[in-house]
file run.cif (mmCIF, C-alpha atoms)
data_structure
loop_
_atom_site.label_atom_id
_atom_site.label_comp_id
_atom_site.auth_asym_id
_atom_site.auth_seq_id
_atom_site.Cartn_x
_atom_site.Cartn_y
_atom_site.Cartn_z
CA THR A 1 25.82 8.39 -23.02
CA THR A 2 23.49 6.74 -20.53
CA HIS A 3 22.05 4.42 -23.14
CA CYS A 4 25.55 3.37 -24.24
CA TYR A 5 26.53 2.50 -20.67
CA MET A 6 23.37 0.50 -20.22
CA ALA A 7 23.92 -1.50 -23.38
CA THR A 8 27.52 -2.25 -22.42
CA HIS A 9 27.12 -3.26 -18.82
CA THR A 10 23.76 -4.91 -18.47
CA LYS A 11 24.77 -7.69 -20.87
CA ALA A 12 26.84 -9.20 -18.07
CA LYS A 13 23.70 -9.42 -15.89
CA LEU A 14 25.63 -8.12 -12.90
CA SER A 15 24.13 -8.05 -9.45
CA HIS A 16 22.99 -4.64 -8.27
CA GLU A 17 24.62 -5.43 -4.92
CA GLU A 18 28.04 -6.79 -5.78
CA GLY A 19 30.13 -5.25 -2.99
CA THR A 20 31.77 -7.68 -0.58
CA GLU A 21 29.77 -10.60 -1.98
CA LEU A 22 32.23 -10.80 -4.86
CA CYS A 23 34.78 -12.56 -2.67
CA ARG A 24 32.35 -15.11 -1.25
CA VAL A 25 30.53 -18.15 -2.59
CA ARG A 26 26.78 -18.47 -2.83
CA LYS A 27 24.90 -21.60 -1.90
CA LYS A 28 21.16 -21.76 -2.41
CA GLY A 29 21.12 -17.98 -2.80
CA ILE A 30 22.92 -17.35 0.51
CA VAL A 31 26.41 -15.80 0.76
CA LYS A 32 28.82 -18.20 2.49
CA GLY A 33 32.62 -18.66 2.68
CA PHE A 34 35.44 -17.09 0.62
CA ARG A 35 35.86 -18.05 -3.02
CA LYS A 36 38.90 -20.24 -3.56
CA ASP A 37 39.87 -18.58 -6.83
CA ILE A 38 40.60 -15.18 -5.23
CA SER A 39 43.47 -16.56 -3.14
CA THR A 40 46.86 -16.29 -4.81
CA GLU A 41 48.56 -18.35 -2.12
CA ASN A 42 50.47 -21.34 -3.46
CA LEU A 43 48.92 -24.00 -1.22
CA SER A 44 48.80 -27.75 -1.58
CA GLU A 45 45.55 -29.57 -2.04
CA ARG A 46 45.89 -30.87 1.51
CA ASP A 47 46.23 -27.31 2.89
CA TYR A 48 43.25 -26.14 0.87
CA ALA A 49 41.24 -29.09 2.12
CA PHE A 50 42.10 -28.12 5.70
CA LEU A 51 40.91 -24.54 5.08
CA THR A 52 37.73 -25.54 3.23
CA CYS A 53 34.27 -25.33 4.75
CA SER A 54 32.60 -28.72 4.86
CA ARG A 55 29.22 -27.17 4.16
CA CYS A 56 29.68 -24.52 1.45
CA ASP A 57 32.99 -25.72 -0.06
CA GLY A 58 34.43 -22.22 0.20
CA ILE A 59 37.51 -21.10 2.17
CA LEU A 60 36.52 -20.90 5.82
CA ARG A 61 35.18 -17.48 6.83
CA GLU A 62 35.19 -17.07 10.61
CA ALA A 63 36.06 -20.74 11.03
CA CYS A 64 34.33 -22.65 13.83
CA ASN A 65 33.21 -26.13 14.84
CA SER A 66 30.52 -27.67 16.96
CA GLY A 67 32.71 -30.06 18.90
CA THR A 68 32.41 -32.87 16.38
CA GLY A 69 35.61 -32.14 14.46
CA GLU A 70 33.72 -30.71 11.47
CA GLN A 71 34.97 -27.28 10.39
CA PHE A 72 32.60 -24.79 8.79
CA CYS A 73 31.99 -21.06 8.34
CA LEU A 74 30.15 -19.26 11.09
CA CYS A 75 27.54 -18.24 8.48
CA CYS A 76 27.04 -21.94 7.64
CA LYS A 77 25.94 -23.06 11.08
CA LYS A 78 22.54 -24.70 11.36
CA GLY A 79 19.86 -23.05 13.45
CA ARG A 80 20.84 -22.79 17.12
CA GLU A 81 23.82 -25.06 16.69
CA LEU A 82 26.51 -24.37 19.32
CA THR A 83 29.81 -23.28 17.77
CA HIS A 84 33.36 -22.69 18.90
CA PRO A 85 35.77 -20.40 17.01
CA ILE A 86 38.94 -21.95 15.59
CA ILE A 87 41.35 -19.06 16.13
CA GLN A 88 44.39 -20.53 14.39
CA VAL A 89 42.43 -21.30 11.22
CA ARG A 90 40.90 -17.83 11.23
CA VAL A 91 44.36 -16.23 11.44
CA THR A 92 45.70 -18.47 8.68
CA VAL A 93 42.79 -17.65 6.35
CA SER A 94 43.05 -13.95 7.08
CA ASP A 95 46.75 -13.93 6.13
CA LEU A 96 46.28 -15.73 2.81
CA LYS A 97 47.48 -13.66 -0.12
CA SER A 98 44.69 -12.45 -2.37
CA SER A 99 43.96 -10.29 -5.37
CA CYS A 100 40.81 -8.31 -6.12
CA PRO A 101 37.98 -10.68 -7.18
CA ILE A 102 37.28 -8.44 -10.17
CA ASN A 103 40.87 -7.98 -11.34
CA GLN A 104 39.66 -8.98 -14.82
CA ARG A 105 37.97 -5.57 -14.95
CA GLY A 106 41.30 -3.86 -14.36
CA CYS A 107 41.67 -3.63 -10.57
CA THR A 108 45.30 -4.24 -9.52
CA TRP A 109 44.74 -4.47 -5.77
CA LYS A 110 46.63 -7.21 -3.90
CA GLY A 111 46.56 -7.92 -0.20
CA ASN A 112 45.47 -10.42 2.41
CA LEU A 113 42.20 -12.30 2.19
CA GLY A 114 41.14 -10.77 5.49
CA GLU A 115 41.34 -7.31 3.86
CA CYS A 116 39.52 -8.28 0.67
CA GLU A 117 36.02 -7.43 1.84
CA LYS A 118 37.15 -4.04 3.14
CA HIS A 119 38.83 -3.36 -0.21
CA LEU A 120 35.64 -4.21 -2.11
CA GLU A 121 33.75 -1.59 -0.09
CA MET A 122 35.97 1.01 -1.79
CA CYS A 123 36.92 -0.66 -5.07
CA SER A 124 36.01 1.61 -7.98
CA TYR A 125 35.59 -1.39 -10.32
CA VAL A 126 32.62 -2.79 -8.39
CA HIS A 127 29.35 -2.40 -10.30
CA GLU A 128 26.32 -0.80 -8.71
CA ALA A 129 22.86 0.16 -9.88
CA CYS A 130 22.12 3.85 -10.28
CA LYS A 131 20.70 4.99 -6.96
CA LEU A 132 18.23 7.29 -8.77
CA GLY A 133 16.45 4.29 -10.25
CA CYS A 134 17.09 4.78 -13.97
CA GLY A 135 18.06 1.10 -14.35
CA VAL A 136 21.70 1.57 -15.38
CA VAL A 137 24.40 -0.62 -13.77
CA LEU A 138 27.94 0.82 -13.88
CA SER A 139 31.27 0.72 -12.10
CA ARG A 140 31.52 3.16 -9.21
CA ASP A 141 33.80 5.49 -11.20
CA GLU A 142 31.45 5.49 -14.18
CA LEU A 143 28.46 5.86 -11.87
CA ARG A 144 29.81 9.10 -10.40
CA ILE A 145 30.04 10.58 -13.90
CA HIS A 146 26.63 9.14 -14.82
CA LEU A 147 24.94 10.70 -11.76
CA SER A 148 26.40 14.14 -12.43
CA GLU A 149 26.19 14.28 -16.23
CA SER A 150 23.96 11.76 -17.97
CA CYS A 151 21.33 10.19 -15.69
CA ASP A 152 17.87 11.24 -16.82
CA ARG A 153 16.66 10.99 -13.21
CA ARG A 154 19.19 13.49 -11.83
CA GLU A 155 17.95 16.76 -10.42
CA ILE A 156 18.63 19.94 -12.35
CA GLN A 157 17.54 23.55 -12.11
CA CYS A 158 15.27 25.09 -14.72
CA MET A 159 17.28 27.74 -16.55
CA HIS A 160 14.24 30.04 -16.65
CA CYS A 161 12.48 29.86 -13.27
CA GLU A 162 15.32 28.19 -11.31
CA LYS A 163 12.94 25.61 -9.85
CA ALA A 164 14.31 22.12 -9.24
CA THR A 165 13.15 19.36 -11.58
CA ILE A 166 14.57 16.11 -12.96
CA VAL A 167 15.93 15.73 -16.48
CA VAL A 168 13.26 13.31 -17.67
CA GLU A 169 10.53 15.78 -16.63
CA LEU A 170 12.22 18.93 -17.96
CA THR A 171 10.38 18.89 -21.31
CA ASP A 172 6.99 18.77 -19.59
CA HIS A 173 8.07 21.49 -17.16
CA LEU A 174 9.13 23.82 -19.98
CA LEU A 175 5.64 23.55 -21.49
CA VAL A 176 4.21 25.30 -18.42
CA CYS A 177 7.18 27.23 -16.97
CA GLU A 178 5.91 30.71 -16.15
CA LYS A 179 9.34 32.34 -16.62
CA MET A 180 10.14 30.84 -20.01
CA VAL A 181 10.27 33.29 -22.92
CA VAL A 182 7.75 32.23 -25.58
CA PRO A 183 6.18 33.77 -28.71
CA CYS A 184 2.65 35.13 -28.58
CA GLU A 185 0.10 32.33 -28.78
CA LEU A 186 -2.00 34.38 -31.19
CA GLY A 187 0.89 34.73 -33.64
CA CYS A 188 1.84 38.41 -33.39
CA SER A 189 5.55 37.39 -33.19
CA LYS A 190 6.15 39.28 -29.95
CA LEU A 191 8.23 37.43 -27.32
CA MET A 192 7.42 37.53 -23.62
CA ILE A 193 7.62 35.40 -20.48
CA ARG A 194 4.69 33.02 -20.26
CA GLU A 195 3.23 34.58 -17.10
CA ASN A 196 2.58 37.81 -19.09
CA MET A 197 0.86 36.03 -21.96
CA THR A 198 -2.75 36.48 -20.78
CA GLN A 199 -2.33 40.19 -20.16
CA HIS A 200 -0.65 40.65 -23.53
CA MET A 201 -3.41 38.83 -25.41
CA ASP A 202 -6.19 40.68 -23.56
CA ILE A 203 -4.75 44.19 -23.86
CA GLU A 204 -1.89 44.53 -26.35
CA CYS A 205 -1.99 41.83 -29.01
CA LYS A 206 -3.05 43.09 -32.45
CA GLU A 207 -3.93 39.55 -33.52
CA LYS A 208 -6.69 39.20 -30.95
CA GLU A 209 -10.18 38.95 -32.42
CA VAL A 210 -12.55 41.71 -31.27
CA ASP A 211 -16.04 42.98 -32.03
CA CYS A 212 -16.64 46.34 -33.66
CA PRO A 213 -17.64 48.80 -30.89
CA PHE A 214 -20.72 49.62 -33.01
CA VAL A 215 -22.02 46.06 -32.78
CA LYS A 216 -24.53 47.35 -30.19
CA TYR A 217 -25.84 49.66 -32.92
CA SER A 218 -26.29 46.66 -35.27
CA CYS A 219 -22.93 46.64 -37.09
CA LYS A 220 -22.88 43.25 -38.82
CA VAL A 221 -19.17 42.96 -39.64
CA GLY A 222 -18.56 40.30 -36.92
CA LEU A 223 -15.25 39.47 -35.30
CA MET A 224 -12.04 40.94 -36.70
CA LYS A 225 -8.43 41.19 -35.61
CA LYS A 226 -7.59 44.17 -33.46
CA LYS A 227 -5.09 45.38 -36.04
CA GLU A 228 -7.94 45.63 -38.60
CA LEU A 229 -10.30 47.56 -36.33
CA ASN A 230 -9.03 51.10 -37.01
CA GLN A 231 -9.31 50.62 -40.76
CA HIS A 232 -12.82 49.23 -40.36
CA LEU A 233 -13.87 52.23 -38.25
CA GLU A 234 -12.41 54.60 -40.82
CA ASP A 235 -14.07 52.85 -43.76
CA THR A 236 -17.52 52.73 -42.14
CA LYS A 237 -17.52 56.07 -40.34
CA ILE A 238 -20.70 57.36 -42.02
CA GLU A 239 -22.54 54.02 -41.74
CA HIS A 240 -21.71 53.84 -38.03
CA MET A 241 -23.04 57.36 -37.40
CA GLU A 242 -26.27 56.51 -39.22
CA MET A 243 -26.58 53.33 -37.15
CA LYS A 244 -26.09 55.32 -33.95
CA VAL A 245 -28.67 58.00 -34.94
CA ASN A 246 -31.21 55.33 -35.92
CA SER A 247 -30.64 53.55 -32.67
CA LEU A 248 -31.09 56.74 -30.64
CA GLU A 249 -34.28 57.60 -32.52
CA GLU A 250 -35.65 54.15 -31.81
CA MET A 251 -34.76 54.60 -28.17
CA VAL A 252 -36.61 57.96 -27.97
CA VAL A 253 -39.70 56.42 -29.57
CA LYS A 254 -39.66 53.56 -27.08
CA GLN A 255 -39.18 55.93 -24.14
CA ASN A 256 -42.10 58.12 -25.30
CA GLU A 257 -44.27 55.03 -25.57
CA ILE A 258 -43.37 54.04 -22.03
CA ILE A 259 -44.07 57.55 -20.70
CA SER A 260 -47.41 57.61 -22.47
CA GLN A 261 -48.39 54.25 -21.04
CA LEU A 262 -47.42 55.28 -17.52
CA SER A 263 -49.31 58.55 -17.82
CA GLN A 264 -52.43 56.73 -18.94
CA LYS A 265 -52.20 54.34 -16.01
CA MET A 266 -51.88 57.21 -13.57
CA GLU A 267 -54.89 59.00 -15.03
CA ASN A 268 -56.96 55.85 -14.72
CA MET A 269 -55.98 55.39 -11.10
CA ILE A 270 -56.64 58.97 -9.89
CA ASP A 271 -60.11 60.62 -9.41
CA PRO A 272 -59.45 64.41 -9.24
CA LYS A 273 -62.87 65.21 -7.68
CA ARG A 274 -62.56 62.66 -4.90
CA TYR A 275 -59.08 63.56 -3.86
CA ASN A 276 -59.32 67.30 -4.42
CA MET A 277 -56.59 67.26 -7.07
CA VAL A 278 -55.97 69.19 -10.21
CA VAL A 279 -54.51 67.29 -13.14
CA TRP A 280 -52.92 68.81 -16.24
CA ASN A 281 -51.46 67.09 -19.22
CA VAL A 282 -48.36 69.05 -20.14
CA GLU A 283 -46.53 67.90 -23.26
CA GLY A 284 -47.58 64.32 -22.71
CA ILE A 285 -46.60 64.24 -19.00
CA THR A 286 -49.28 64.12 -16.34
CA VAL A 287 -48.80 66.72 -13.59
CA ILE A 288 -50.84 66.30 -10.40
CA LEU A 289 -51.35 69.08 -7.87
CA VAL A 290 -52.87 68.24 -4.49
CA ARG A 291 -54.65 70.83 -2.32
CA ASN A 292 -53.22 70.88 1.20
CA LYS A 293 -54.79 72.11 4.42
CA ASN A 294 -53.64 75.66 3.81
CA HIS A 295 -55.49 75.69 0.50
CA THR A 296 -52.28 75.77 -1.52
CA PHE A 297 -51.31 73.37 -4.26
CA THR A 298 -48.31 71.07 -4.11
CA SER A 299 -47.00 68.77 -6.77
CA GLY A 300 -48.17 65.20 -6.32
#
call {"tool": "encode", "arguments": {"input": "run.cif", "output": "structure tokens"}}
result
Amino acid sequence: TTHCYMATHTKAKLSHEEGTELCRVRKKGIVKGFRKDISTENLSERDYAFLTCSRCDGILREACNSGTGEQFCLCCKKGRELTHPIIQVRVTVSDLKSSCPINQRGCTWKGNLGECEKHLEMCSYVHEACKLGCGVVLSRDELRIHLSESCDRREIQCMHCEKATIVVELTDHLLVCEKMVVPCELGCSKLMIRENMTQHMDIECKEKEVDCPFVKYSCKVGLMKKKELNQHLEDTKIEHMEMKVNSLEEMVVKQNEIISQLSQKMENMIDPKRYNMVVWNVEGITVILVRNKNHTFTSG
């Protein structure tokens, strides 16, 4: 697993950028000449001394001098120091026999020192950090498997809505995925895709709490589950009808009071003699007839 790889490989505190640097020495944090231990050439101490950089103590890489007789790597020159390539030394160094700098990890490559850096660009035993930023450091072969199978930062497709997400965020995504099949939130045990949940709870779900339709007629039962409503209506059929009749009677009384009050106001506002009107009170409703120019009455 990812965690197993991390525990195994980070103990070595490997650089996240091994690559070609594995075959070169570092001096004050800067990559310099070739490491002497990667050459398998059987050279004398005198020969090695001739091929050694006077500044980094590594095997000369792109050997050059500044006209003083001192030999050093091109990368070891100081500032704008003028340099001259030493072709023969460069050829000699390039032809030195070498093995992979990380052969202890299992790489069996052998070749010339001049080819070593190119080999390390492809060597499957070189360690690299996961490019997705999960913090794991693995060999290139292991990293390919990690990126496709176990990295929690790799991109995957939601199996429900087919939207792209990353593994570490999948759990949060599933909590809101509109296409995921989930049980009713009110507990009716029905399964549905999440995007239909609101409609189900508003219209279909028997577990939804509702008011009795007779609450407007003063039914005091309060909220109940929809599945209990029919039984409630059946059990209180007579009481509900009485409530409705009482409510309607109260409404008629109130309406008659309003009509009476309006009629009284109209009578107080109208002087029949002054305006040549005839006023009758018919069953509690004031009827006003106005004489027109043709001496006929019209309803006011």
call {"tool": "closest_atom_pairs", "arguments": {"input": "run.cif", "of": "segment 31-105 of chain A", "to": "segment 115-122 of chain A", "cutoff": "9 Å", "atoms": "all atoms listed in the file", "output": "JSON lines"}}
result
{"residue": "A:Ser94", "atom": "CA", "partner": "A:Glu115", "partner_atom": "CA", "distance": 7.6}
{"residue": "A:Asp95", "atom": "CA", "partner": "A:Glu115", "partner_atom": "CA", "distance": 8.8}
{"residue": "A:Ser98", "atom": "CA", "partner": "A:Cys116", "partner_atom": "CA", "distance": 7.3}
{"residue": "A:Ser99", "atom": "CA", "partner": "A:Cys116", "partner_atom": "CA", "distance": 7.8}
{"residue": "A:Cys100", "atom": "CA", "partner": "A:Cys116", "partner_atom": "CA", "distance": 6.9}
{"residue": "A:Pro101", "atom": "CA", "partner": "A:Cys116", "partner_atom": "CA", "distance": 8.4}
call {"tool": "residues_around", "arguments": {"input": "run.cif", "residues": "segment 173-180 of chain A", "least_positions_apart": "6", "cutoff": "6 Å", "atoms": "all atoms listed in the file", "output": "PyMOL selection string"}}
result
chain A and resi 160-161+193-195
call {"tool": "atom_distance", "arguments": {"input": "run.cif", "atom1": "atom CA of Leu113 of chain A", "atom2": "atom CA of Lys97 of chain A"}}
result
5.9 Å
call {"tool": "resolve_selection", "arguments": {"input": "run.cif", "expression": "the PyMOL selection byres ((chain A and resi 170) around 12)", "output": "PyMOL selection string"}}
result
chain A and resi 152-169+171-177
call {"tool": "resolve_selection", "arguments": {"input": "run.cif", "expression": "the PyMOL selection byres ((chain A and resi 142-149) around 10)", "output": "list in words"}}
result
Thr1, Thr2, Tyr5, Ser124, Tyr125, His127, Glu128, Ala129, Cys130, Lys131, Leu132, Val136, Val137, Leu138, Ser139, Arg140, Asp141, Ser150, Cys151, Asp152, Arg153, Arg154, Glu155 and Ile156 of chain A
call {"tool": "residues_around", "arguments": {"input": "run.cif", "residues": "Asp211 of chain A", "least_positions_apart": "5", "cutoff": "9 Å", "atoms": "all atoms listed in the file", "output": "list in words"}}
result
Val221, Gly222, Leu223, Met224, Lys225, Lys226 and Leu229 of chain A
